[in-house]
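Dropping query.txt in here (compact mmCIF, C-alpha atoms):
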# COMPACT_ATOMS: atom_id res chain seq x y z
CA MET A 21 -15.02 -25.05 39.95
CA PRO A 22 -15.28 -27.78 37.28
CA ALA A 23 -19.00 -27.17 36.59
CA GLU A 24 -18.38 -23.49 35.95
CA GLY A 25 -15.40 -24.35 33.72
CA ALA A 26 -17.54 -26.76 31.73
CA ARG A 27 -20.24 -24.11 31.26
CA VAL A 28 -17.67 -21.57 29.97
CA ALA A 29 -16.18 -24.14 27.63
CA ALA A 30 -19.63 -25.11 26.32
CA ALA A 31 -20.53 -21.44 25.74
CA ALA A 32 -17.26 -20.89 23.84
CA ALA A 33 -17.87 -23.98 21.72
CA GLY A 34 -21.42 -22.82 20.99
CA ARG A 35 -20.21 -19.40 19.94
CA GLN A 36 -17.59 -20.92 17.67
CA GLU A 37 -20.15 -23.25 16.15
CA ARG A 38 -22.58 -20.40 15.52
CA PHE A 39 -19.83 -18.43 13.81
CA ARG A 40 -18.81 -21.38 11.64
CA ARG A 41 -22.41 -21.88 10.55
CA LEU A 42 -22.75 -18.21 9.60
CA VAL A 43 -19.49 -17.80 7.72
CA THR A 44 -18.94 -21.06 5.87
CA GLY A 45 -21.35 -20.22 3.06
CA GLU A 46 -19.92 -16.73 2.75
CA LEU A 47 -16.28 -17.60 2.15
CA ASP A 48 -16.41 -17.72 -1.66
CA ARG A 49 -18.14 -14.38 -1.92
CA LEU A 50 -15.88 -12.72 0.65
CA TYR A 51 -12.74 -13.99 -1.03
CA GLY A 52 -13.94 -12.82 -4.47
CA LEU A 53 -14.64 -9.35 -3.13
CA ALA A 54 -11.32 -9.21 -1.27
CA TYR A 55 -9.48 -10.25 -4.44
CA ARG A 56 -11.00 -7.32 -6.31
CA LEU A 57 -10.15 -4.93 -3.50
CA VAL A 58 -6.65 -6.03 -2.48
CA GLY A 59 -5.49 -8.63 -5.03
CA ARG A 60 -3.00 -11.14 -3.67
CA ASP A 61 -3.64 -9.98 -0.09
CA ALA A 62 -7.16 -11.39 -0.36
CA GLU A 63 -6.55 -14.39 1.90
CA ASP A 64 -5.03 -12.21 4.64
CA ALA A 65 -7.87 -9.72 4.35
CA VAL A 66 -10.47 -12.48 4.75
CA GLN A 67 -8.51 -13.81 7.69
CA ASP A 68 -8.53 -10.35 9.31
CA CYS A 69 -12.25 -10.17 8.65
CA LEU A 70 -12.92 -13.54 10.30
CA LEU A 71 -11.14 -12.54 13.48
CA LYS A 72 -12.79 -9.12 13.67
CA ALA A 73 -16.22 -10.58 12.96
CA PHE A 74 -15.72 -13.31 15.55
CA ARG A 75 -14.69 -10.75 18.14
CA SER A 76 -17.86 -8.74 17.56
CA LEU A 77 -20.21 -11.68 17.00
CA ASP A 78 -22.31 -10.76 20.02
CA ARG A 79 -23.28 -7.52 18.28
CA LEU A 80 -24.89 -9.40 15.38
CA SER A 81 -28.49 -9.63 16.53
CA ASP A 82 -30.12 -10.48 13.19
CA GLU A 83 -28.54 -13.52 11.56
CA GLU A 84 -30.42 -12.78 8.34
CA ALA A 85 -28.20 -9.68 8.06
CA ALA A 86 -24.96 -11.65 8.47
CA GLY A 87 -23.98 -11.32 4.78
CA GLY A 88 -24.01 -7.52 4.84
CA TRP A 89 -22.33 -7.52 8.23
CA PHE A 90 -19.43 -9.66 6.96
CA THR A 91 -19.17 -7.47 3.86
CA ALA A 92 -18.87 -4.27 5.91
CA ILE A 93 -16.17 -5.80 8.10
CA LEU A 94 -14.28 -7.17 5.09
CA VAL A 95 -14.40 -3.86 3.23
CA ASN A 96 -12.86 -2.17 6.24
CA CYS A 97 -10.16 -4.81 6.57
CA CYS A 98 -9.37 -4.38 2.86
CA ARG A 99 -9.22 -0.61 3.26
CA ASP A 100 -6.74 -0.97 6.12
CA ARG A 101 -4.58 -3.33 4.05
CA GLY A 102 -4.90 -1.19 0.93
CA ARG A 103 -3.83 1.93 2.77
CA ALA A 104 -0.87 0.16 4.33
CA ARG A 105 0.38 -1.13 0.97
CA GLN A 106 -0.29 1.70 -1.40
CA ARG A 107 2.70 3.23 -3.05
CA ARG A 108 1.17 6.61 -3.73
CA PRO A 109 -0.62 8.88 -1.27
CA ASP A 110 -4.41 9.15 -1.52
CA GLU A 111 -4.84 12.55 -3.05
CA VAL A 112 -2.08 12.29 -5.62
CA GLU A 113 -2.70 13.49 -9.16
CA LEU A 114 -6.08 14.98 -8.47
CA ASP A 115 -5.11 18.12 -10.16
CA GLU A 116 -6.68 19.89 -13.07
CA ASP A 117 -5.00 17.44 -15.46
CA VAL A 118 -6.93 14.51 -14.08
CA GLU A 119 -10.17 16.43 -13.77
CA ARG A 120 -9.97 17.46 -17.42
CA PHE A 121 -8.64 14.16 -18.74
CA SER A 122 -10.94 12.36 -21.14
CA LEU A 123 -9.92 8.91 -22.31
CA PHE A 124 -12.44 9.23 -25.12
CA ARG A 125 -10.73 12.36 -26.43
CA LYS A 126 -7.24 10.97 -25.81
CA VAL A 127 -7.94 7.85 -27.87
CA ALA A 128 -9.58 9.93 -30.61
CA ASP A 129 -6.68 12.40 -30.71
CA GLU A 130 -3.87 9.82 -30.57
CA ASP A 131 -5.74 7.49 -32.92
CA PRO A 132 -3.76 4.32 -32.19
CA PHE A 133 -5.84 2.29 -34.67
CA PRO A 134 -5.95 4.40 -37.83
CA TYR A 135 -7.97 1.89 -39.83
CA SER A 136 -10.51 1.06 -37.15
CA ASP A 137 -14.16 2.08 -37.16
CA SER A 138 -14.41 1.35 -33.44
CA LEU A 139 -11.17 2.61 -31.97
CA HIS A 140 -12.56 3.18 -28.48
CA VAL A 141 -13.85 -0.35 -28.15
CA ASP A 142 -10.59 -1.58 -29.68
CA PHE A 143 -8.67 0.35 -27.05
CA LEU A 144 -10.54 -1.33 -24.19
CA GLY A 145 -10.03 -4.65 -25.97
CA LEU A 146 -6.28 -4.27 -25.41
CA PHE A 147 -6.79 -4.91 -21.72
CA GLY A 148 -7.03 -8.40 -20.36
CA ARG A 149 -8.68 -8.96 -16.99
CA ASP A 150 -5.30 -8.98 -15.29
CA ASP A 151 -4.38 -5.66 -16.86
CA LEU A 152 -7.55 -4.00 -15.61
CA HIS A 153 -7.03 -5.55 -12.19
CA ALA A 154 -3.47 -4.18 -12.07
CA VAL A 155 -4.69 -0.67 -12.96
CA LEU A 156 -7.41 -0.83 -10.31
CA LEU A 157 -5.04 -2.11 -7.63
CA ASP A 158 -2.69 0.77 -8.34
CA LEU A 159 -5.41 3.35 -7.67
CA PRO A 160 -5.46 4.96 -4.23
CA GLU A 161 -7.67 2.98 -1.88
CA ILE A 162 -10.19 5.82 -1.44
CA TYR A 163 -11.01 5.66 -5.16
CA ARG A 164 -10.61 1.94 -5.76
CA VAL A 165 -13.09 0.87 -3.07
CA PRO A 166 -16.12 2.81 -4.38
CA LEU A 167 -15.26 1.97 -8.00
CA VAL A 168 -15.09 -1.76 -7.27
CA LEU A 169 -18.17 -1.78 -5.04
CA VAL A 170 -20.36 0.21 -7.44
CA HIS A 171 -19.17 -0.87 -10.88
CA MET A 172 -18.01 -4.43 -10.25
CA GLU A 173 -20.07 -5.57 -7.28
CA GLY A 174 -23.27 -3.68 -8.10
CA TYR A 175 -23.76 -1.82 -4.81
CA SER A 176 -25.63 1.48 -4.89
CA THR A 177 -23.78 4.62 -3.86
CA ARG A 178 -25.98 4.83 -0.78
CA GLU A 179 -25.02 1.29 0.24
CA VAL A 180 -21.34 2.12 -0.30
CA ALA A 181 -21.69 5.20 1.91
CA GLU A 182 -22.94 2.89 4.69
CA LEU A 183 -20.25 0.28 4.07
CA VAL A 184 -17.39 2.78 4.28
CA ASP A 185 -19.13 4.95 6.87
CA ALA A 186 -18.83 8.14 4.83
CA PRO A 187 -21.37 10.76 3.73
CA LEU A 188 -23.04 10.07 0.37
CA GLY A 189 -21.55 13.28 -1.05
CA THR A 190 -18.05 12.06 -0.22
CA VAL A 191 -18.66 8.74 -1.94
CA LEU A 192 -20.05 10.47 -5.05
CA ALA A 193 -17.04 12.81 -5.19
CA ARG A 194 -14.61 9.89 -4.81
CA LEU A 195 -16.41 7.93 -7.51
CA HIS A 196 -16.21 10.87 -9.86
CA ARG A 197 -12.51 11.46 -9.20
CA GLY A 198 -11.81 7.74 -9.22
CA ARG A 199 -13.31 7.36 -12.70
CA LYS A 200 -11.27 10.23 -14.04
CA LEU A 201 -8.12 8.83 -12.48
CA LEU A 202 -8.96 5.36 -13.83
CA GLU A 203 -9.31 6.77 -17.35
CA LYS A 204 -5.92 8.45 -17.10
CA ARG A 205 -4.24 5.40 -15.60
CA LEU A 206 -5.69 3.11 -18.31
CA TRP A 207 -4.05 5.25 -20.96
CA GLU A 208 -0.75 5.41 -19.05
CA TYR A 209 -0.82 1.63 -18.50
CA ALA A 210 -1.45 0.97 -22.19
CA GLU A 211 1.51 3.17 -23.07
CA SER A 212 3.93 1.91 -20.43
CA HIS A 213 3.10 -1.78 -20.98
CA GLY A 214 3.40 -1.62 -24.75
CA LEU A 215 -0.24 -2.54 -25.37
CA LEU A 216 -0.53 0.04 -28.13
CA GLU A 217 2.61 -1.18 -29.92
CA GLU A 218 1.50 -4.80 -29.75
CA ARG A 219 -1.78 -3.90 -31.36
CA THR A 220 -0.38 -1.75 -34.16
CA ARG A 221 2.61 -3.97 -34.89
CA MET B 223 -27.75 24.77 -23.10
CA ILE B 224 -25.00 23.49 -20.81
CA SER B 225 -21.42 23.36 -22.09
CA CYS B 226 -19.65 20.19 -23.30
CA SER B 227 -17.34 20.17 -20.27
CA GLU B 228 -20.30 20.38 -17.91
CA ALA B 229 -22.11 17.60 -19.76
CA VAL B 230 -19.01 15.36 -19.80
CA ARG B 231 -18.39 16.00 -16.12
CA GLN B 232 -21.77 14.50 -15.29
CA LEU B 233 -21.90 11.66 -17.81
CA TRP B 234 -21.16 8.79 -15.43
CA GLU B 235 -23.67 10.06 -12.92
CA TYR B 236 -26.11 10.36 -15.82
CA LEU B 237 -25.50 6.73 -16.75
CA ASP B 238 -25.77 5.73 -13.09
CA GLY B 239 -29.22 7.32 -12.99
CA ALA B 240 -27.91 9.42 -10.10
CA LEU B 241 -28.84 12.86 -11.44
CA THR B 242 -31.89 14.91 -10.55
CA ASP B 243 -34.65 15.10 -13.20
CA ARG B 244 -33.57 18.66 -13.99
CA ASP B 245 -29.89 17.76 -14.50
CA ARG B 246 -30.81 14.67 -16.51
CA SER B 247 -32.95 16.63 -18.92
CA ARG B 248 -30.15 19.19 -19.34
CA ILE B 249 -27.81 16.35 -20.34
CA ASP B 250 -30.47 14.90 -22.65
CA GLU B 251 -30.86 18.28 -24.30
CA HIS B 252 -27.08 18.58 -24.73
CA LEU B 253 -26.67 15.06 -26.11
CA GLY B 254 -29.49 15.72 -28.57
CA ALA B 255 -27.44 18.50 -30.08
CA CYS B 256 -23.79 17.42 -29.66
CA LEU B 257 -22.38 14.44 -31.56
CA ARG B 258 -19.03 14.56 -29.79
CA CYS B 259 -20.62 14.26 -26.36
CA CYS B 260 -22.80 11.42 -27.67
CA GLY B 261 -19.51 9.66 -28.44
CA GLU B 262 -18.28 10.43 -24.91
CA ALA B 263 -21.51 9.03 -23.46
CA GLU B 264 -21.28 5.88 -25.56
CA PHE B 265 -17.70 5.35 -24.48
CA ALA B 266 -18.54 5.95 -20.81
CA GLY B 267 -21.14 3.18 -21.21
CA GLU B 268 -18.52 0.88 -22.74
CA LEU B 269 -16.13 1.66 -19.91
CA ARG B 270 -18.79 0.79 -17.33
CA ARG B 271 -19.46 -2.56 -19.02
CA PHE B 272 -15.71 -3.17 -19.25
CA LEU B 273 -15.33 -2.56 -15.51
CA ALA B 274 -18.27 -4.81 -14.68
CA THR B 275 -16.59 -7.75 -16.41
CA GLY B 276 -13.30 -7.15 -14.57
CA ALA B 277 -11.18 -9.57 -12.62
CA SER B 278 -12.81 -12.13 -10.43
CA ALA B 279 -11.35 -14.98 -8.47
CA THR B 280 -12.68 -18.27 -7.27
CA LEU B 281 -11.61 -19.32 -3.83
CA PRO B 282 -8.73 -21.79 -4.27
CA ASP B 283 -9.18 -25.08 -2.41
CA ASP B 284 -6.02 -24.69 -0.34
CA VAL B 285 -7.09 -21.20 0.78
CA ARG B 286 -10.55 -22.52 1.65
CA GLN B 287 -8.99 -25.26 3.76
CA ARG B 288 -6.75 -22.78 5.57
CA LEU B 289 -9.64 -20.39 6.25
CA LEU B 290 -11.87 -23.20 7.52
CA ALA B 291 -9.05 -24.54 9.69
CA SER B 292 -8.49 -21.06 11.12
CA LEU B 293 -12.07 -21.05 12.42
CA ASP B 294 -10.96 -23.57 15.03
CA ASP B 295 -8.36 -21.14 16.34
CA LEU B 296 -10.52 -18.04 16.53
CA GLU B 297 -11.25 -18.44 20.22
CA ASP B 298 -7.51 -18.62 21.00
CA LEU B 299 -6.70 -15.69 18.71
CA ASP B 300 -9.48 -13.71 20.35
CA ASP B 301 -7.92 -14.37 23.76
CA LEU B 302 -4.52 -13.35 22.41
CA GLU B 303 -5.92 -10.06 21.10
CA ASP B 304 -7.55 -9.44 24.46
CA ALA B 305 -4.27 -10.03 26.22
CA ARG B 306 -2.46 -7.42 24.05
In structure tokens, what does this structure look like?
Amino acid sequence: MPAEGARVAAAAAGRQERFRRLVTGELDRLYGLAYRLVGRDAEDAVQDCLLKAFRSLDRLSDEEAAGGWFTAILVNCCRDRGRARQRRPDEVELDEDVERFSLFRKVADEDPFPYSDSLHVDFLGLFGRDDLHAVLLDLPEIYRVPLVLVHMEGYSTREVAELVDAPLGTVLARLHRGRKLLEKRLWEYAESHGLLEERTR
Amino acid sequence: MISCSEAVRQLWEYLDGALTDRDRSRIDEHLGACLRCCGEAEFAGELRRFLATGASATLPDDVRQRLLASLDDLEDLDDLEDAR
């Protein structure tokens, strides 16, 4: 039935056009977020997001809410990719050592800049953007995602709970542990990458 | 007054403004009396600012072109997924 075929083709073209209109202005933002969440896998994560979003386009009733809808889908695609790639299991190192670790105290005790009046700020100054990104990407996905969303992207903890479909208490606990683990990993990174030696040389 | 370890444990939440009024005033009271924890709080603030200025990426032109081109194939990919 050619008429029926033409109607189906027109509907498909309309759907594709609607999707293109909704997503084109979002690509920069989605890619930037994906880069923070999964680094060099960002393009693949956005690609996953486009396909998933397209497949569920009929469920988007309010086009004004498309930005948040794309974000939620992308965050989930990034979580899937992050979990698949991570070298260390999620709950690693969350022992007493991490819970008690204080980067502030560590820097004060080790005193890598004996003549500095601002050694803590100096310590953070050792890290370029790429260094911080590398430390974040090496964190387990369950800690990296809330840290990036709250502290880099400016989402509230309540919004993050919705985005990752987890109870608020879980997000707060992961943020807390994630910050402690980040502090510890920043110190370890500075040591293992010779940042402290370069500075004191 | 709460202990240093209890105060430090809640510092980020304190800076986030995520504590209850009661917990916040307990931290305020502690910070008013403990120089070391004031240092911890100041550093936690620095660390938050440091994170906020972390890595960002602009969408490279070639990636943009590939993503836009892929929009034309979504219908076919959708059918493929359905067929799986």
I'd like a table as a tab-separated table: residues in chain A with an atom no more than 6 Å from chain B, each row giving the shortest atom pair and its distance in Å to one decimal, all atoms listed in the file counted, sorted by chain and rising residue number.
residue	atom	partner	partner_atom	distance
A:Asp48	CA	B:Leu281	CA	5.5
A:Gly52	CA	B:Ala279	CA	5.2
A:Phe124	CA	B:Glu262	CA	6.0
A:Arg149	CA	B:Ala277	CA	5.1
A:His153	CA	B:Ala277	CA	5.8
A:His171	CA	B:Ala274	CA	5.5
A:Met172	CA	B:Ala274	CA	4.5
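Across the model, the gap from CA of Asp245 in chain B to CA of Glu119 in chain A is 19.8 Å.
Restricting the calculation to only C-alpha atoms, the smallest distance between Ser225 in chain B and any of B:Asp298, B:Asp243, B:His252, B:Gly267 is found for B:His252.
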Nearest to Ala229 in chain B by atom-to-atom distance, counting only C-alpha atoms, from B:Leu241, B:Ile249, B:Cys260, B:Ala255: B:Ile249
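Across the structure, CA of Val95 in chain A and CA of Ala65 in chain A are spaced 8.8 Å apart.
Take CA of Ala193 in chain A and CA of Trp89 in chain A: the distance between them is 24.9 Å.
Checking A:Ala85, A:Val43, A:Ala23, A:Leu57 one by one against Pro160 in chain A, counting only C-alpha atoms, you find the shortest gap at A:Leu57.
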Range 103-217 of chain A residues near range 90-93 of chain A within 12 Å, closest pair each, using all atoms listed in the file, as a Markdown table:
| residue | atom | partner | partner_atom | distance |
| --- | --- | --- | --- | --- |
| A:Val165 | CA | A:Ala92 | CA | 11.9 |
| A:Leu169 | CA | A:Thr91 | CA | 10.6 |
| A:Glu173 | CA | A:Thr91 | CA | 11.3 |
| A:Tyr175 | CA | A:Thr91 | CA | 11.3 |
| A:Glu179 | CA | A:Ala92 | CA | 10.0 |
| A:Val180 | CA | A:Ala92 | CA | 9.2 |
| A:Ala181 | CA | A:Ala92 | CA | 10.7 |
| A:Glu182 | CA | A:Ala92 | CA | 8.3 |
| A:Leu183 | CA | A:Ala92 | CA | 5.1 |
| A:Val184 | CA | A:Ala92 | CA | 7.4 |
| A:Asp185 | CA | A:Ala92 | CA | 9.3 |
Set up a box along x, y and z of the file covering all listed atoms of range 271-278 of chain B, add 3 Å on every one of the six sides, and write the centre and edge lengths in Å to one decimal, as AutoDock Vina command-line options.
--center_x -15.3 --center_y -7.3 --center_z -14.8 --size_x 14.3 --size_y 15.6 --size_z 14.8
As a short mmCIF file (atom, residue, chain, number, x, y, z; two decimals) with C-alpha atoms, in the frame of the given file, please: the residues near Leu206 in chain A (cut-off 8 Å, all atoms listed in the file, same-chain neighbours under 3 positions excluded).
data_model
loop_
_atom_site.label_atom_id
_atom_site.label_comp_id
_atom_site.auth_asym_id
_atom_site.auth_seq_id
_atom_site.Cartn_x
_atom_site.Cartn_y
_atom_site.Cartn_z
CA LEU A 152 -7.55 -4.00 -15.61
CA VAL A 155 -4.69 -0.67 -12.96
CA LEU A 202 -8.96 5.36 -13.83
CA GLU A 203 -9.31 6.77 -17.35
CA TYR A 209 -0.82 1.63 -18.50
CA ALA A 210 -1.45 0.97 -22.19
#
Selection near Leu201 in chain A, 12 Å with all atoms listed in the file, sequence-local residues under 5 positions removed, as number ranges by chain: A: 110-123, 155-156, 158-160, 162-164, 167, 194-196, 206-209
Since fewer atoms than expected are present, regenerate N, CA and C atoms for range 128-142 of chain A and write them as a compact mmCIF listing (two decimals), keeping the file's coordinate frame.
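Resulting contents of part_17.txt:
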# COMPACT_ATOMS: atom_id res chain seq x y z
N ALA A 128 -9.23 9.33 -29.31
CA ALA A 128 -9.58 9.93 -30.61
C ALA A 128 -8.41 10.75 -31.14
N ASP A 129 -7.77 11.53 -30.26
CA ASP A 129 -6.68 12.40 -30.71
C ASP A 129 -5.44 11.60 -31.11
N GLU A 130 -5.09 10.60 -30.29
CA GLU A 130 -3.87 9.82 -30.57
C GLU A 130 -4.10 8.81 -31.68
N ASP A 131 -5.33 8.40 -31.84
CA ASP A 131 -5.74 7.49 -32.92
C ASP A 131 -4.80 6.30 -33.10
N PRO A 132 -4.71 5.44 -32.09
CA PRO A 132 -3.76 4.32 -32.19
C PRO A 132 -4.17 3.24 -33.21
N PHE A 133 -5.39 3.30 -33.68
CA PHE A 133 -5.84 2.29 -34.67
C PHE A 133 -6.39 3.02 -35.89
N PRO A 134 -5.52 3.51 -36.74
CA PRO A 134 -5.95 4.40 -37.83
C PRO A 134 -7.01 3.79 -38.75
N TYR A 135 -7.02 2.48 -38.87
CA TYR A 135 -7.97 1.89 -39.83
C TYR A 135 -9.21 1.32 -39.16
N SER A 136 -9.38 1.66 -37.88
CA SER A 136 -10.51 1.06 -37.15
C SER A 136 -11.73 1.96 -37.17
N ASP A 137 -12.90 1.33 -37.26
CA ASP A 137 -14.16 2.08 -37.16
C ASP A 137 -14.62 2.15 -35.71
N SER A 138 -13.94 1.41 -34.83
CA SER A 138 -14.41 1.35 -33.44
C SER A 138 -13.21 1.46 -32.50
N LEU A 139 -12.45 2.55 -32.67
CA LEU A 139 -11.17 2.61 -31.97
C LEU A 139 -11.31 2.61 -30.45
N HIS A 140 -12.42 3.14 -29.93
CA HIS A 140 -12.56 3.18 -28.48
C HIS A 140 -12.79 1.78 -27.90
N VAL A 141 -13.63 1.03 -28.60
CA VAL A 141 -13.85 -0.35 -28.15
C VAL A 141 -12.56 -1.16 -28.33
N ASP A 142 -11.87 -0.90 -29.44
CA ASP A 142 -10.59 -1.58 -29.68
C ASP A 142 -9.60 -1.28 -28.57
